[in-house]
Every structure is written in C-alpha cells, then in structure tokens.
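**Q** One file: model-v5.tsv (TSV, C-alpha atoms).
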```tsv
chain	number	residue	atom	x	y	z
A	1	MET	CA	-31.28	-69.98	-182.00
A	2	LYS	CA	-30.47	-72.03	-185.11
A	3	ASP	CA	-28.18	-74.22	-182.99
A	4	LYS	CA	-31.01	-74.87	-180.54
A	5	LYS	CA	-33.34	-75.96	-183.34
A	6	ILE	CA	-30.74	-78.43	-184.64
A	7	PHE	CA	-30.23	-79.77	-181.11
A	8	PHE	CA	-33.90	-80.41	-180.38
A	9	GLY	CA	-34.48	-81.85	-183.87
A	10	LEU	CA	-31.72	-84.41	-183.39
A	11	THR	CA	-33.00	-85.23	-179.90
A	12	GLY	CA	-36.38	-86.21	-181.34
A	13	PHE	CA	-34.81	-88.22	-184.15
A	14	LEU	CA	-32.65	-90.28	-181.78
A	15	MET	CA	-35.59	-91.05	-179.48
A	16	VAL	CA	-37.64	-92.44	-182.38
A	17	VAL	CA	-34.79	-94.52	-183.83
A	18	LEU	CA	-33.79	-96.26	-180.59
A	19	ILE	CA	-36.93	-98.25	-179.75
A	20	LEU	CA	-35.94	-101.91	-180.04
A	21	ASN	CA	-36.25	-105.12	-178.01
A	22	SER	CA	-34.14	-105.90	-174.92
A	23	ASP	CA	-31.94	-108.97	-174.48
A	24	ALA	CA	-33.06	-112.03	-172.51
A	25	LEU	CA	-31.33	-112.62	-169.20
A	26	ALA	CA	-28.95	-115.50	-168.67
A	27	GLN	CA	-29.88	-118.46	-166.43
A	28	GLY	CA	-28.47	-118.54	-162.86
A	29	LYS	CA	-25.56	-120.83	-162.03
A	30	PHE	CA	-24.44	-119.02	-158.91
A	31	ALA	CA	-24.99	-118.98	-155.16
A	32	VAL	CA	-24.70	-115.95	-152.89
A	33	ILE	CA	-23.25	-116.98	-149.54
A	34	THR	CA	-22.38	-115.39	-146.23
A	35	ASN	CA	-21.13	-116.32	-142.79
A	36	PRO	CA	-23.84	-118.00	-140.62
A	37	ALA	CA	-23.26	-115.27	-137.99
A	38	CYS	CA	-24.16	-112.49	-140.44
A	39	PRO	CA	-27.80	-111.33	-140.56
A	40	THR	CA	-29.75	-112.67	-143.52
A	41	LEU	CA	-29.85	-110.31	-146.49
A	42	GLY	CA	-32.73	-110.12	-148.96
A	43	LYS	CA	-32.26	-109.79	-152.70
A	44	ASP	CA	-32.68	-106.00	-152.59
A	45	GLU	CA	-30.11	-105.68	-149.78
A	46	ILE	CA	-27.68	-107.88	-151.70
A	47	LYS	CA	-28.14	-105.62	-154.69
A	48	MET	CA	-27.46	-102.47	-152.64
A	49	VAL	CA	-24.38	-104.07	-151.08
A	50	PHE	CA	-22.92	-105.13	-154.43
A	51	LEU	CA	-23.56	-101.69	-155.92
A	52	GLY	CA	-21.74	-100.08	-152.98
A	53	TYR	CA	-24.78	-98.20	-151.63
A	54	LYS	CA	-24.66	-100.17	-148.37
A	55	SER	CA	-21.33	-101.01	-146.76
A	56	SER	CA	-22.41	-102.51	-143.42
A	57	VAL	CA	-25.05	-104.83	-142.02
A	58	ASP	CA	-26.11	-104.33	-138.39
A	59	SER	CA	-22.93	-102.29	-137.89
A	60	TYR	CA	-20.71	-105.08	-139.25
A	61	PRO	CA	-18.65	-103.94	-142.27
A	62	VAL	CA	-19.39	-106.02	-145.35
A	63	GLU	CA	-16.61	-107.57	-147.42
A	64	LEU	CA	-17.52	-108.52	-150.97
A	65	TYR	CA	-16.14	-111.29	-153.16
A	66	ILE	CA	-17.11	-112.49	-156.61
A	67	SER	CA	-16.05	-115.68	-158.34
A	68	LYS	CA	-13.33	-115.43	-160.96
A	69	ASP	CA	-15.52	-117.67	-163.12
A	70	GLU	CA	-16.87	-115.26	-165.76
A	71	ASN	CA	-20.11	-117.24	-166.25
A	72	VAL	CA	-20.91	-117.15	-162.54
A	73	PHE	CA	-20.05	-113.46	-162.38
A	74	SER	CA	-22.15	-112.66	-165.43
A	75	ASP	CA	-25.19	-114.69	-164.25
A	76	PHE	CA	-25.13	-112.99	-160.85
A	77	VAL	CA	-24.80	-109.48	-162.23
A	78	GLN	CA	-27.59	-109.93	-164.77
A	79	ASN	CA	-30.04	-111.87	-162.58
A	80	VAL	CA	-29.58	-110.22	-159.19
A	81	LEU	CA	-28.35	-106.73	-160.01
A	82	GLY	CA	-30.37	-106.53	-163.23
A	83	ILE	CA	-27.60	-104.90	-165.25
A	84	ARG	CA	-24.95	-105.93	-167.77
A	85	VAL	CA	-21.44	-106.91	-166.74
A	86	SER	CA	-20.09	-103.88	-168.62
A	87	GLU	CA	-22.49	-101.60	-166.71
A	88	PHE	CA	-21.41	-103.18	-163.41
A	89	ASN	CA	-17.74	-102.66	-164.27
A	90	TYR	CA	-18.43	-99.08	-165.38
A	91	HIS	CA	-20.41	-98.42	-162.18
A	92	TRP	CA	-17.43	-99.44	-160.03
A	93	LEU	CA	-14.95	-97.63	-162.26
A	94	LYS	CA	-16.94	-94.43	-161.73
A	95	ARG	CA	-17.11	-94.99	-157.97
A	96	ALA	CA	-13.38	-95.75	-157.79
A	97	LEU	CA	-12.52	-92.58	-159.71
A	98	SER	CA	-14.81	-90.63	-157.36
A	99	SER	CA	-13.01	-92.05	-154.27
A	100	GLU	CA	-16.06	-94.10	-153.30
A	101	GLY	CA	-14.60	-97.59	-153.12
A	102	ALA	CA	-13.05	-100.21	-155.33
A	103	GLY	CA	-15.79	-102.84	-155.70
A	104	PRO	CA	-15.91	-106.56	-154.96
A	105	GLU	CA	-12.71	-108.55	-155.10
A	106	LYS	CA	-12.61	-111.25	-157.79
A	107	ILE	CA	-10.99	-114.42	-156.44
A	108	LYS	CA	-11.32	-118.21	-156.77
A	109	ASP	CA	-14.40	-119.95	-155.32
A	110	ASP	CA	-12.42	-121.93	-152.71
A	111	GLU	CA	-10.82	-118.77	-151.42
A	112	ILE	CA	-14.21	-117.01	-151.23
A	113	ILE	CA	-15.62	-119.85	-149.13
A	114	SER	CA	-12.60	-119.78	-146.87
A	115	ARG	CA	-12.92	-116.00	-146.33
A	116	VAL	CA	-16.69	-116.18	-145.81
A	117	ARG	CA	-16.19	-118.85	-143.13
A	118	THR	CA	-13.75	-116.65	-141.20
A	119	THR	CA	-15.26	-113.16	-141.64
A	120	GLN	CA	-18.38	-112.02	-139.76
A	121	CYS	CA	-20.10	-110.36	-142.72
A	122	ALA	CA	-18.32	-111.42	-145.86
A	123	VAL	CA	-20.68	-111.93	-148.78
A	124	GLY	CA	-19.53	-114.01	-151.72
A	125	VAL	CA	-20.80	-115.11	-155.09
A	126	VAL	CA	-19.64	-118.62	-156.01
A	127	SER	CA	-20.73	-121.30	-158.45
A	128	GLN	CA	-23.73	-123.29	-157.15
A	129	GLY	CA	-21.85	-126.56	-156.80
A	130	LYS	CA	-19.22	-124.98	-154.54
A	131	ALA	CA	-21.57	-123.71	-151.83
A	132	THR	CA	-20.91	-125.87	-148.75
A	133	THR	CA	-23.12	-126.58	-145.73
A	134	ASP	CA	-21.03	-124.54	-143.31
A	135	VAL	CA	-21.91	-121.22	-144.96
A	136	LYS	CA	-25.29	-119.52	-145.14
A	137	ILE	CA	-26.81	-119.54	-148.62
A	138	LEU	CA	-28.71	-116.33	-149.35
A	139	ILE	CA	-29.60	-116.97	-153.00
A	140	LYS	CA	-29.25	-120.13	-155.04
B	1	MET	CA	-6.14	-83.90	-153.92
B	2	SER	CA	-5.37	-85.55	-150.59
B	3	PHE	CA	-7.87	-86.11	-147.86
B	4	PHE	CA	-8.67	-88.32	-144.91
B	5	GLU	CA	-12.06	-90.01	-144.64
B	6	TYR	CA	-13.69	-91.74	-141.70
B	7	SER	CA	-16.97	-93.59	-142.05
B	8	PHE	CA	-19.26	-93.74	-139.01
B	9	ILE	CA	-22.13	-95.27	-140.99
B	10	ASP	CA	-23.03	-95.08	-144.69
B	11	LEU	CA	-25.11	-92.00	-144.02
B	12	LEU	CA	-22.41	-90.20	-142.05
B	13	LYS	CA	-18.80	-89.95	-143.17
B	14	LYS	CA	-16.26	-87.28	-142.34
B	15	ARG	CA	-13.77	-86.14	-144.98
B	16	ALA	CA	-11.02	-83.59	-144.29
B	17	GLY	CA	-8.20	-82.27	-146.44
B	18	LYS	CA	-7.84	-80.97	-150.00
B	19	TYR	CA	-10.60	-82.15	-152.30
B	20	LEU	CA	-12.41	-81.34	-155.54
B	21	ASN	CA	-15.40	-79.16	-154.75
B	22	PRO	CA	-18.55	-81.29	-154.63
B	23	PHE	CA	-20.82	-79.63	-157.19
B	24	GLY	CA	-23.00	-80.84	-160.05
B	25	LEU	CA	-22.78	-84.08	-161.96
B	26	ILE	CA	-19.05	-84.38	-162.52
B	27	HIS	CA	-17.08	-81.82	-160.52
B	28	GLU	CA	-15.84	-84.34	-157.96
B	29	ARG	CA	-14.48	-86.49	-160.81
B	30	ARG	CA	-13.73	-83.73	-163.30
B	31	ASP	CA	-10.40	-85.31	-164.22
B	32	ALA	CA	-11.86	-88.79	-164.66
B	33	PHE	CA	-12.57	-88.50	-168.39
B	34	PRO	CA	-13.65	-92.14	-168.87
B	35	THR	CA	-16.67	-91.42	-166.64
B	36	PHE	CA	-18.40	-88.77	-168.79
B	37	PRO	CA	-19.06	-88.54	-172.52
B	38	TYR	CA	-17.76	-85.11	-173.55
B	39	LEU	CA	-14.17	-84.41	-174.55
B	40	PHE	CA	-14.04	-80.94	-172.97
B	41	HIS	CA	-15.68	-79.89	-169.72
B	42	PRO	CA	-18.96	-78.00	-170.08
B	43	LEU	CA	-18.66	-74.21	-169.81
B	44	MET	CA	-20.04	-74.12	-166.26
B	45	TYR	CA	-16.94	-76.07	-165.13
B	46	SER	CA	-14.52	-73.93	-167.13
B	47	GLU	CA	-11.35	-72.80	-165.40
B	48	ASP	CA	-11.65	-69.47	-167.28
B	49	PHE	CA	-14.97	-68.44	-165.76
B	50	LYS	CA	-14.49	-69.96	-162.29
B	51	LEU	CA	-18.14	-70.31	-161.38
B	52	ILE	CA	-16.88	-72.96	-158.96
B	53	PRO	CA	-13.33	-73.09	-157.58
B	54	THR	CA	-11.77	-76.41	-158.58
B	55	TYR	CA	-10.25	-77.35	-155.22
B	56	ASN	CA	-10.89	-76.53	-151.61
B	57	VAL	CA	-9.35	-77.32	-148.26
B	58	GLY	CA	-11.89	-78.03	-145.58
B	59	ILE	CA	-14.12	-80.51	-143.81
B	60	GLN	CA	-17.04	-82.41	-145.29
B	61	LEU	CA	-19.87	-84.37	-143.77
B	62	ARG	CA	-21.20	-86.72	-146.41
B	63	GLY	CA	-23.23	-89.85	-146.74
B	64	GLU	CA	-25.26	-92.03	-149.02
B	65	ILE	CA	-28.05	-94.53	-149.01
B	66	SER	CA	-29.52	-96.19	-152.06
B	67	TYR	CA	-31.85	-93.27	-152.86
B	68	LEU	CA	-29.91	-90.29	-151.55
B	69	VAL	CA	-26.41	-88.76	-151.55
B	70	TYR	CA	-25.42	-85.60	-149.70
B	71	VAL	CA	-22.30	-83.54	-148.95
B	72	VAL	CA	-22.13	-80.51	-146.66
B	73	HIS	CA	-18.77	-78.80	-146.34
B	74	VAL	CA	-17.01	-75.85	-144.75
B	75	ALA	CA	-13.74	-74.81	-146.40
B	76	ASN	CA	-11.21	-72.03	-146.91
B	77	GLY	CA	-12.67	-71.00	-150.27
B	78	ARG	CA	-11.09	-68.82	-152.93
B	79	GLY	CA	-9.99	-66.18	-150.40
B	80	SER	CA	-6.97	-68.25	-149.50
B	81	ALA	CA	-3.48	-68.82	-150.86
B	82	ALA	CA	-3.35	-72.23	-152.59
B	83	ASN	CA	-6.50	-73.09	-150.61
B	84	VAL	CA	-4.41	-73.42	-147.47
B	85	VAL	CA	-3.49	-70.02	-146.00
B	86	ASP	CA	-6.85	-68.38	-145.43
B	87	ALA	CA	-6.89	-64.62	-145.91
B	88	ASN	CA	-10.36	-63.87	-144.62
B	89	PRO	CA	-12.43	-65.03	-141.67
B	90	ASP	CA	-15.40	-66.07	-143.82
B	91	LYS	CA	-15.34	-69.71	-144.67
B	92	ALA	CA	-16.79	-71.20	-147.82
B	93	ILE	CA	-19.96	-73.21	-147.38
B	94	GLY	CA	-21.24	-75.77	-149.85
B	95	ILE	CA	-24.12	-78.21	-150.19
B	96	HIS	CA	-24.31	-80.98	-152.77
B	97	LEU	CA	-27.41	-83.15	-152.68
B	98	PHE	CA	-29.12	-85.56	-155.03
B	99	GLY	CA	-31.70	-88.31	-155.09
B	100	ARG	CA	-31.22	-91.26	-157.42
B	101	VAL	CA	-33.01	-94.32	-158.73
B	102	PRO	CA	-30.98	-97.39	-157.63
B	103	SER	CA	-32.72	-100.08	-159.68
B	104	GLY	CA	-35.21	-100.80	-162.42
B	105	ILE	CA	-35.60	-99.36	-165.88
B	106	PHE	CA	-34.68	-95.85	-164.63
B	107	GLN	CA	-31.56	-97.01	-162.77
B	108	GLY	CA	-28.93	-94.28	-162.95
B	109	SER	CA	-31.46	-91.45	-163.09
B	110	LEU	CA	-30.92	-88.69	-160.56
B	111	LEU	CA	-32.02	-85.22	-159.59
B	112	GLY	CA	-29.94	-82.88	-157.44
B	113	PHE	CA	-29.29	-79.43	-156.04
B	114	ASP	CA	-26.05	-77.53	-155.33
B	115	PHE	CA	-25.12	-74.44	-153.38
B	116	TYR	CA	-21.70	-72.87	-152.92
B	117	THR	CA	-20.64	-69.52	-151.45
B	118	ASP	CA	-17.30	-68.01	-150.48
B	119	LYS	CA	-15.33	-64.75	-150.49
B	120	ASP	CA	-12.27	-63.87	-152.56
B	121	LEU	CA	-9.08	-62.07	-151.50
B	122	LYS	CA	-10.80	-58.70	-152.06
B	123	ASP	CA	-13.57	-59.78	-149.67
B	124	VAL	CA	-16.16	-59.99	-152.46
B	125	ARG	CA	-18.74	-62.74	-152.10
B	126	HIS	CA	-19.27	-65.32	-154.85
B	127	THR	CA	-22.39	-67.48	-154.74
B	128	THR	CA	-23.36	-70.28	-157.11
B	129	LEU	CA	-26.66	-72.14	-157.13
B	130	GLY	CA	-26.98	-75.23	-159.27
B	131	GLY	CA	-29.24	-78.02	-160.34
B	132	HIS	CA	-28.37	-81.28	-162.07
B	133	SER	CA	-30.24	-84.28	-163.41
B	134	ILE	CA	-29.91	-87.43	-165.47
B	135	LEU	CA	-32.84	-89.27	-166.96
B	136	SER	CA	-31.62	-92.77	-167.77
B	137	ILE	CA	-33.83	-95.33	-169.48
B	138	SER	CA	-32.48	-98.83	-170.02
B	139	GLY	CA	-34.01	-101.68	-172.00
B	140	ILE	CA	-34.34	-99.57	-175.12
B	141	GLY	CA	-32.76	-101.89	-177.63
B	142	PRO	CA	-29.29	-103.16	-176.74
B	143	GLY	CA	-28.40	-100.19	-174.56
B	144	LYS	CA	-29.71	-97.21	-172.66
B	145	ILE	CA	-30.69	-93.66	-173.46
B	146	GLN	CA	-29.61	-90.83	-171.17
B	147	LEU	CA	-30.57	-87.19	-170.99
B	148	TRP	CA	-28.21	-85.06	-168.88
B	149	GLY	CA	-28.96	-81.54	-167.76
B	150	GLU	CA	-27.12	-79.08	-165.51
B	151	VAL	CA	-27.57	-75.43	-164.67
B	152	ALA	CA	-25.54	-72.99	-162.56
B	153	HIS	CA	-26.45	-69.43	-161.57
B	154	TYR	CA	-23.52	-67.38	-160.29
B	155	THR	CA	-23.47	-64.06	-158.47
B	156	LYS	CA	-20.42	-61.91	-157.75
B	157	ASP	CA	-21.22	-58.48	-156.36
B	158	LYS	CA	-23.53	-57.03	-159.07
B	159	GLN	CA	-22.48	-59.49	-161.76
B	160	LYS	CA	-24.83	-62.36	-162.48
B	161	ALA	CA	-23.94	-65.26	-164.77
B	162	LEU	CA	-25.89	-68.25	-166.00
B	163	SER	CA	-24.67	-71.45	-167.57
B	164	TRP	CA	-26.45	-74.66	-168.56
B	165	TYR	CA	-26.16	-77.61	-170.84
B	166	ALA	CA	-28.27	-80.52	-172.01
B	167	LEU	CA	-26.85	-83.72	-173.44
B	168	LEU	CA	-28.61	-86.64	-175.07
B	169	SER	CA	-26.73	-89.90	-175.46
B	170	TYR	CA	-27.33	-93.52	-176.33
B	171	LEU	CA	-25.04	-96.18	-174.84
B	172	TRP	CA	-25.00	-99.16	-177.18
B	173	HIS	CA	-23.39	-102.37	-175.89
B	174	ILE	CA	-22.08	-103.97	-179.05
B	175	SER	CA	-20.68	-106.84	-176.93
B	176	GLU	CA	-19.75	-107.33	-173.25
B	177	GLN	CA	-16.51	-105.49	-174.01
B	178	TRP	CA	-17.20	-103.06	-176.87
B	179	SER	CA	-19.57	-100.14	-176.52
B	180	LEU	CA	-20.48	-97.13	-178.61
B	181	LEU	CA	-21.92	-93.90	-177.25
B	182	PRO	CA	-23.05	-91.21	-179.70
B	183	TYR	CA	-24.21	-87.96	-178.14
B	184	VAL	CA	-25.38	-84.47	-178.93
B	185	MET	CA	-25.08	-81.55	-176.52
B	186	TYR	CA	-25.99	-77.89	-176.30
B	187	ASP	CA	-23.81	-75.96	-173.84
B	188	THR	CA	-24.04	-72.26	-173.07
B	189	LEU	CA	-22.75	-69.61	-170.69
B	190	ASP	CA	-23.72	-65.98	-170.27
B	191	PRO	CA	-20.94	-64.45	-168.11
B	192	ASP	CA	-22.91	-61.27	-167.38
B	193	LEU	CA	-26.68	-61.31	-167.70
B	194	ASP	CA	-26.78	-57.49	-167.86
B	195	LYS	CA	-24.41	-57.27	-170.85
B	196	LYS	CA	-25.47	-58.04	-174.40
B	197	ASP	CA	-23.63	-60.18	-176.93
B	198	ASP	CA	-21.25	-61.81	-174.46
B	199	GLU	CA	-22.96	-65.21	-174.50
B	200	VAL	CA	-20.96	-68.29	-175.44
B	201	GLY	CA	-22.73	-71.28	-176.98
B	202	ASN	CA	-21.62	-74.67	-178.23
B	203	ILE	CA	-23.46	-77.28	-180.17
B	204	VAL	CA	-21.57	-80.52	-179.87
B	205	PHE	CA	-21.75	-83.84	-181.72
B	206	GLY	CA	-19.58	-86.64	-180.45
B	207	VAL	CA	-19.01	-90.33	-180.14
B	208	ASN	CA	-17.24	-92.47	-177.53
B	209	VAL	CA	-15.90	-95.85	-178.62
B	210	SER	CA	-14.83	-98.23	-175.87
B	211	PRO	CA	-13.04	-101.51	-176.74
B	212	PHE	CA	-12.93	-102.35	-172.99
B	213	ILE	CA	-14.07	-100.66	-169.82
B	214	GLN	CA	-10.90	-98.71	-168.98
B	215	LEU	CA	-10.29	-97.29	-172.45
B	216	ILE	CA	-12.48	-94.77	-174.26
B	217	LEU	CA	-11.71	-93.12	-177.59
B	218	LYS	CA	-13.49	-89.78	-177.95
B	219	LEU	CA	-14.25	-87.95	-181.16
B	220	GLU	CA	-16.03	-84.60	-181.04
B	221	PHE	CA	-17.16	-81.76	-183.28
B	222	ARG	CA	-18.09	-78.37	-181.81
B	223	ASN	CA	-19.68	-75.36	-183.38
B	224	LEU	CA	-18.71	-72.50	-181.07
B	225	VAL	CA	-20.54	-69.18	-181.15
B	226	GLN	CA	-19.22	-66.26	-179.06
B	227	GLY	CA	-21.35	-63.13	-179.01
B	228	LYS	CA	-21.52	-61.60	-182.49
B	229	GLU	CA	-18.28	-63.21	-183.65
B	230	LYS	CA	-18.27	-65.62	-186.56
B	231	ALA	CA	-18.86	-69.20	-185.46
B	232	LYS	CA	-15.78	-71.40	-185.01
B	233	GLN	CA	-15.65	-75.11	-185.73
B	234	ILE	CA	-13.54	-77.36	-183.54
B	235	PHE	CA	-12.73	-81.02	-184.14
B	236	GLY	CA	-11.34	-82.94	-181.19
B	237	PHE	CA	-10.00	-86.42	-180.57
B	238	GLY	CA	-9.03	-87.81	-177.18
B	239	ILE	CA	-8.05	-91.02	-175.49
B	240	ALA	CA	-9.23	-91.59	-171.91
B	241	TYR	CA	-7.69	-94.44	-169.97
B	242	ALA	CA	-8.35	-95.44	-166.36
B	243	PHE	CA	-5.39	-97.08	-164.59
```
Translate the structure described by the file into structure tokens.

**A**
Amino acid sequence: MKDKKIFFGLTGFLMVVLILNSDALAQGKFAVITNPACPTLGKDEIKMVFLGYKSSVDSYPVELYISKDENVFSDFVQNVLGIRVSEFNYHWLKRALSSEGAGPEKIKDDEIISRVRTTQCAVGVVSQGKATTDVKILIK
Amino acid sequence: MSFFEYSFIDLLKKRAGKYLNPFGLIHERRDAFPTFPYLFHPLMYSEDFKLIPTYNVGIQLRGEISYLVYVVHVANGRGSAANVVDANPDKAIGIHLFGRVPSGIFQGSLLGFDFYTDKDLKDVRHTTLGGHSILSISGIGPGKIQLWGEVAHYTKDKQKALSWYALLSYLWHISEQWSLLPYVMYDTLDPDLDKKDDEVGNIVFGVNVSPFIQLILKLEFRNLVQGKEKAKQIFGFGIAYAF
C-alpha cells in the first residue's frame, strides 16, 4: 500500500514538471516522388506508407526510398510524418525487431530517381532540385 | 523462432511456424530489450509463473491498417513436447487485438485486448485474458510522456491469478542522437487469488540513456515485496544493443 502511494505521488509530480514548449519544425527542402503509373497518394497515405502501416497501393507493392542527405531526410520526417528523426528510427527499429519490416532504404538521390522510374509503385524522398519531369511529384 | 509469412493484403497475412505468442504490449518482442524501458520483464511475462507460454507452433492470421492490428492463431499449446509433438487433440487458440492512434499529438497511443487458452500435458485447461494500453502524449516539452498499463487474468482449473503493471515514462530527446527516459513502474502478481500473502509487488525506478538509436543503457532500482517477507532491494544495470 505504501509502495502504491509513492508510485501515484511520483506520477503526479512528473506530470506537473514536464509541461514545456515544443520545438519548431524545420523548413521543407524535399520532394516526394513516384512513378507516373502509380496512383497518386495524398499526404496522409504517404505518411501511412512511410510508417509501414500500408504496404501496397491498388494491389501494387510499394517500395520506399529516402535520400541519404540527412537534411532532406530530417525535413521530410518532421514535416510530413510529424515526428522526430529519432522517433522515426525508433519506430522502424521496433517494427524490425517485431518481424514487421525493415523500413525505407536510404540511398543516393540519383539512384532513387532511377528506381522510381523503373518500378511501378516506388515512392522516394529526394532533394527538391533533383526531382525530374519524368517522375510524378506528390509533395514538393 | 522460425516462421513463414505470406501477405495477401495488409489486412490479411498468414504466418506459420514457431513464433513468440502474440499477447500484450511486448510479448512478440520480449527479447528485443531496446524496444521497452524496463530492465526485467514485468511479472505477467515471467517464465516462473507461465501465465502465457513463451513460444508456440501454429498458424496465424494477422493484419494491420493504420488504426487496427489483429492476430488470431491456432497452435499446439503447452500440451506438446517442445511445441512440436502435440500430446492432446485440443489446440491452443489465441486472439491479440489493438487499436492505435497513427498520427497527431497522441501518436503511439493504443488500446488492446488479448485472449489465450490451451491445455497442458495433464489435460488441464489454462486460460488467460488480458488488456493493454499506452497513452502517449507528444509535444510536452522536448519529448513525450507515456503511460503504459497491462493486466492479465489467468485461470488454471480452480486456480485464478491476476497480474498488472502501470508505468509512467518521459522520453526526452536531448539531441537527434541522445535521449533520456526516466520511468517509474508498479508491477504486481497474485499467483492465487484465493490464497493470502502470496502476492508479489515491485516498485521500480529506472532510467534509459541512449547515445544512439541502437544502444540503450539501462539503470534500475527495484523494491520487491513478496507476501509477508521483508522487502528486498535490487539494483540492476543492463546494456541493450540492436544489431
């Protein structure tokens, strides 16, 4: 009983102490692209795909790629997924250790564009300047 | 653990083989210590009390969408040798189900239900009902606050057991790499509700320090009370690394 009192007392203390301001989000420098043959995805669908909650679009399996450029990666994760990079990495670590997938592959922008061009429903995050006219831009 | 999985659609996948029993918040990743705060498993997952068998061999139907995850499985259960050679005709049946919040300030919150029943080698039925939840609130300062709760009610013949725990944590992102997670937990198990003074209770204070995502250093203090015995104090330190 004494243990329970200590527990609930500390719970209340922590809740009062931890009310502070949140960080501002970074500005976007990224573009989300896909193959022109892939159905258009909205921001919410892109979010679900990159969190692993949706693995196909109109029965096409989705392949995910993210730029190796840390600024592009960070801007995308914060602005589209609404979480921190560390939370995104932790999310995929947890899924990987639960046998639920390995997460997006991090490769160079040129390679992402090349794979998006040749794969029905590949979705890639590249730097804005790299997005070419022969891919479909979902978010810029 | 070795299984085969085939995905028809996100909401329907088939998994067959030897797997960790899907139950509660962490049972399917009970060995993945970087993915939960505590240094030792809560009492409801204890190998000593066996409210839930660790492994099973069977077939699962499972699926997920952004708001919902489910697993239904039929398996050999504990009435089998090494989960493989089944000694009785009654198969184990389990259900693991939870709804979750995929985005927004409550992202990571979830609420779920579990059911598991099987028979042992003496043909005695074991049934466990469970509930699990996480309330996660982000945007509170530089991190997020989480309140975990799990409960399991176990029946074996005339024996009834109850176990639950509640954990409050705050994940503080010191930088994009470093994070600090202090937590406090109360964890208890009553192995036989009809017997007096057999209850086990832990009050736990701990902290996780993570210099990068794969590595977590865990420091924990436990005050363990068992029935009428004098309380024991346990200090623990662990290193969890994900390869």

**Q** Find the spatial neighbours of stretch 5-13 of chain B, counting only C-alpha atoms, within a cut-off of 8 Å - ignore same-chain residues fewer than 4 positions away - and output them as JSON, numbers by chain.

**A** {"A": [53, 54, 55, 56, 59], "B": [61, 62, 63, 64, 65]}

**Q** Can you write just those residues out, C-alpha atoms, as a tab-separated table (two decimals), in the coordinates of the input?

**A**
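This is the output file selection_16.tsv:
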```tsv
chain	number	residue	atom	x	y	z
A	53	TYR	CA	-24.78	-98.20	-151.63
A	54	LYS	CA	-24.66	-100.17	-148.37
A	55	SER	CA	-21.33	-101.01	-146.76
A	56	SER	CA	-22.41	-102.51	-143.42
A	59	SER	CA	-22.93	-102.29	-137.89
B	61	LEU	CA	-19.87	-84.37	-143.77
B	62	ARG	CA	-21.20	-86.72	-146.41
B	63	GLY	CA	-23.23	-89.85	-146.74
B	64	GLU	CA	-25.26	-92.03	-149.02
B	65	ILE	CA	-28.05	-94.53	-149.01
```

**Q** Identify all chain B residues at most 6 Å from chain A by counting all atoms listed in the file; ligands do not count. Present them as a VMD selection string.

**A** chain B and resid 29 35 65 to 66 139 to 142 176

**Q** Quick one: everything within 10 Å of A:Lys108, counting all atoms listed in the file, minus sequence neighbours fewer than 3 positions away in the same chain. Send it as a compact mmCIF listing (two decimals) with C-alpha atoms, in the frame of the given file.

**A**
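What ended up in part.txt:
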```txt
# COMPACT_ATOMS: atom_id res chain seq x y z
CA TYR A 65 -16.14 -111.29 -153.16
CA ILE A 66 -17.11 -112.49 -156.61
CA SER A 67 -16.05 -115.68 -158.34
CA LYS A 68 -13.33 -115.43 -160.96
CA ASP A 69 -15.52 -117.67 -163.12
CA GLU A 105 -12.71 -108.55 -155.10
CA GLU A 111 -10.82 -118.77 -151.42
CA ILE A 112 -14.21 -117.01 -151.23
CA ILE A 113 -15.62 -119.85 -149.13
CA VAL A 126 -19.64 -118.62 -156.01
```

**Q** Ranking A:Val80, A:Ala131, A:Val72, A:Ile46 by minimum distance to A:Arg117 and counting only C-alpha atoms, which one comes first?

**A**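 Ranking A:Val80, A:Ala131, A:Val72, A:Ile46 by distance to A:Arg117, first place goes to A:Ala131.
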
**Q** Separation of atom CA of B:Ile213 and atom CA of A:Gln78, in Å?

**A**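 Distance between the two atoms: 17.2 Å.
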
**Q** So which one's closest to A:Tyr60, A:Gly129, A:Pro39, A:Gly101, A:Gly124? Using all atoms listed in the file, please.

**A** A:Pro39

**Q** B:Gly79, B:Lys50, B:Pro182, B:Tyr241: which is nearest B:Asp31, counting all atoms listed in the file?

**A**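 Distance minimum relative to B:Asp31 lands on B:Tyr241.
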
**Q** Point out the residue among A:Leu138, A:Cys121, A:Val57, A:Leu64 with the least atom-to-atom distance to A:Ala37, counting all atoms listed in the file.

**A**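 Selected residue with least distance to A:Ala37: A:Cys121.
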
**Q** What is the distance between atom CA of B:Lys144 and atom CA of B:Pro37, in Å to one decimal?

**A**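 Atom CA of B:Pro37 lies at a distance of 13.7 Å from atom CA of B:Lys144.
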
**Q** Residues within 8 Å of A:Lys130, please, as a compact mmCIF listing (two decimals) with C-alpha atoms, in the frame of the given file. Count all atoms listed in the file; anything in the same chain fewer than 3 positions from it doesn't count.

**A**
```txt
# COMPACT_ATOMS: atom_id res chain seq x y z
CA ASP A 109 -14.40 -119.95 -155.32
CA ASP A 110 -12.42 -121.93 -152.71
CA VAL A 126 -19.64 -118.62 -156.01
CA SER A 127 -20.73 -121.30 -158.45
```

**Q** Using all atoms listed in the file, which residue out of A:Ser114, A:Asn79, A:Gln120, A:Thr132 lies closest to A:Asp58?

**A**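 Among A:Ser114, A:Asn79, A:Gln120, A:Thr132, it is A:Gln120 that comes nearest to A:Asp58.
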
**Q** Between atom CA of A:Asp75 and atom CA of A:Thr119, what is the distance in Å, rounded to a tenth?

**A** 24.7 Å

**Q** Report as a list of chain:residue names all protein, DNA and RNA residues lying within 9 Å of B:Ala92, evaluated on all atoms listed in the file, omitting residues in the same chain fewer than 2 positions from it.

**A**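 Those residues are B:Asn56, B:Gly58, B:His73, B:Val74, B:Ala75, B:Asn76, B:Gly77, B:Arg78, B:Gly79, B:Asp90, B:Gly94, B:Tyr116, B:Thr117, B:Asp118, B:Lys119.
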
**Q** Compare B:Ser169, B:Ser163, B:Thr127, B:Ser133 by their minimum atom-to-atom distance to B:Phe49, counting all atoms listed in the file, and give me the closest one.

**A**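 When distances to B:Phe49 are compared using all atoms listed in the file, the smallest one comes from B:Ser163.
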
**Q** Which residues, written as a CSV table (one decimal) with C-alpha atoms, keeping the file's coordinate frame, have at least one atom at most 6 Å from B:Leu181, with only C-alpha atoms counted and residues fewer than 2 positions away on the same chain left out?

**A**
```
chain,number,residue,atom,x,y,z
B,170,TYR,CA,-27.3,-93.5,-176.3
B,171,LEU,CA,-25.0,-96.2,-174.8
B,207,VAL,CA,-19.0,-90.3,-180.1
B,208,ASN,CA,-17.2,-92.5,-177.5
```
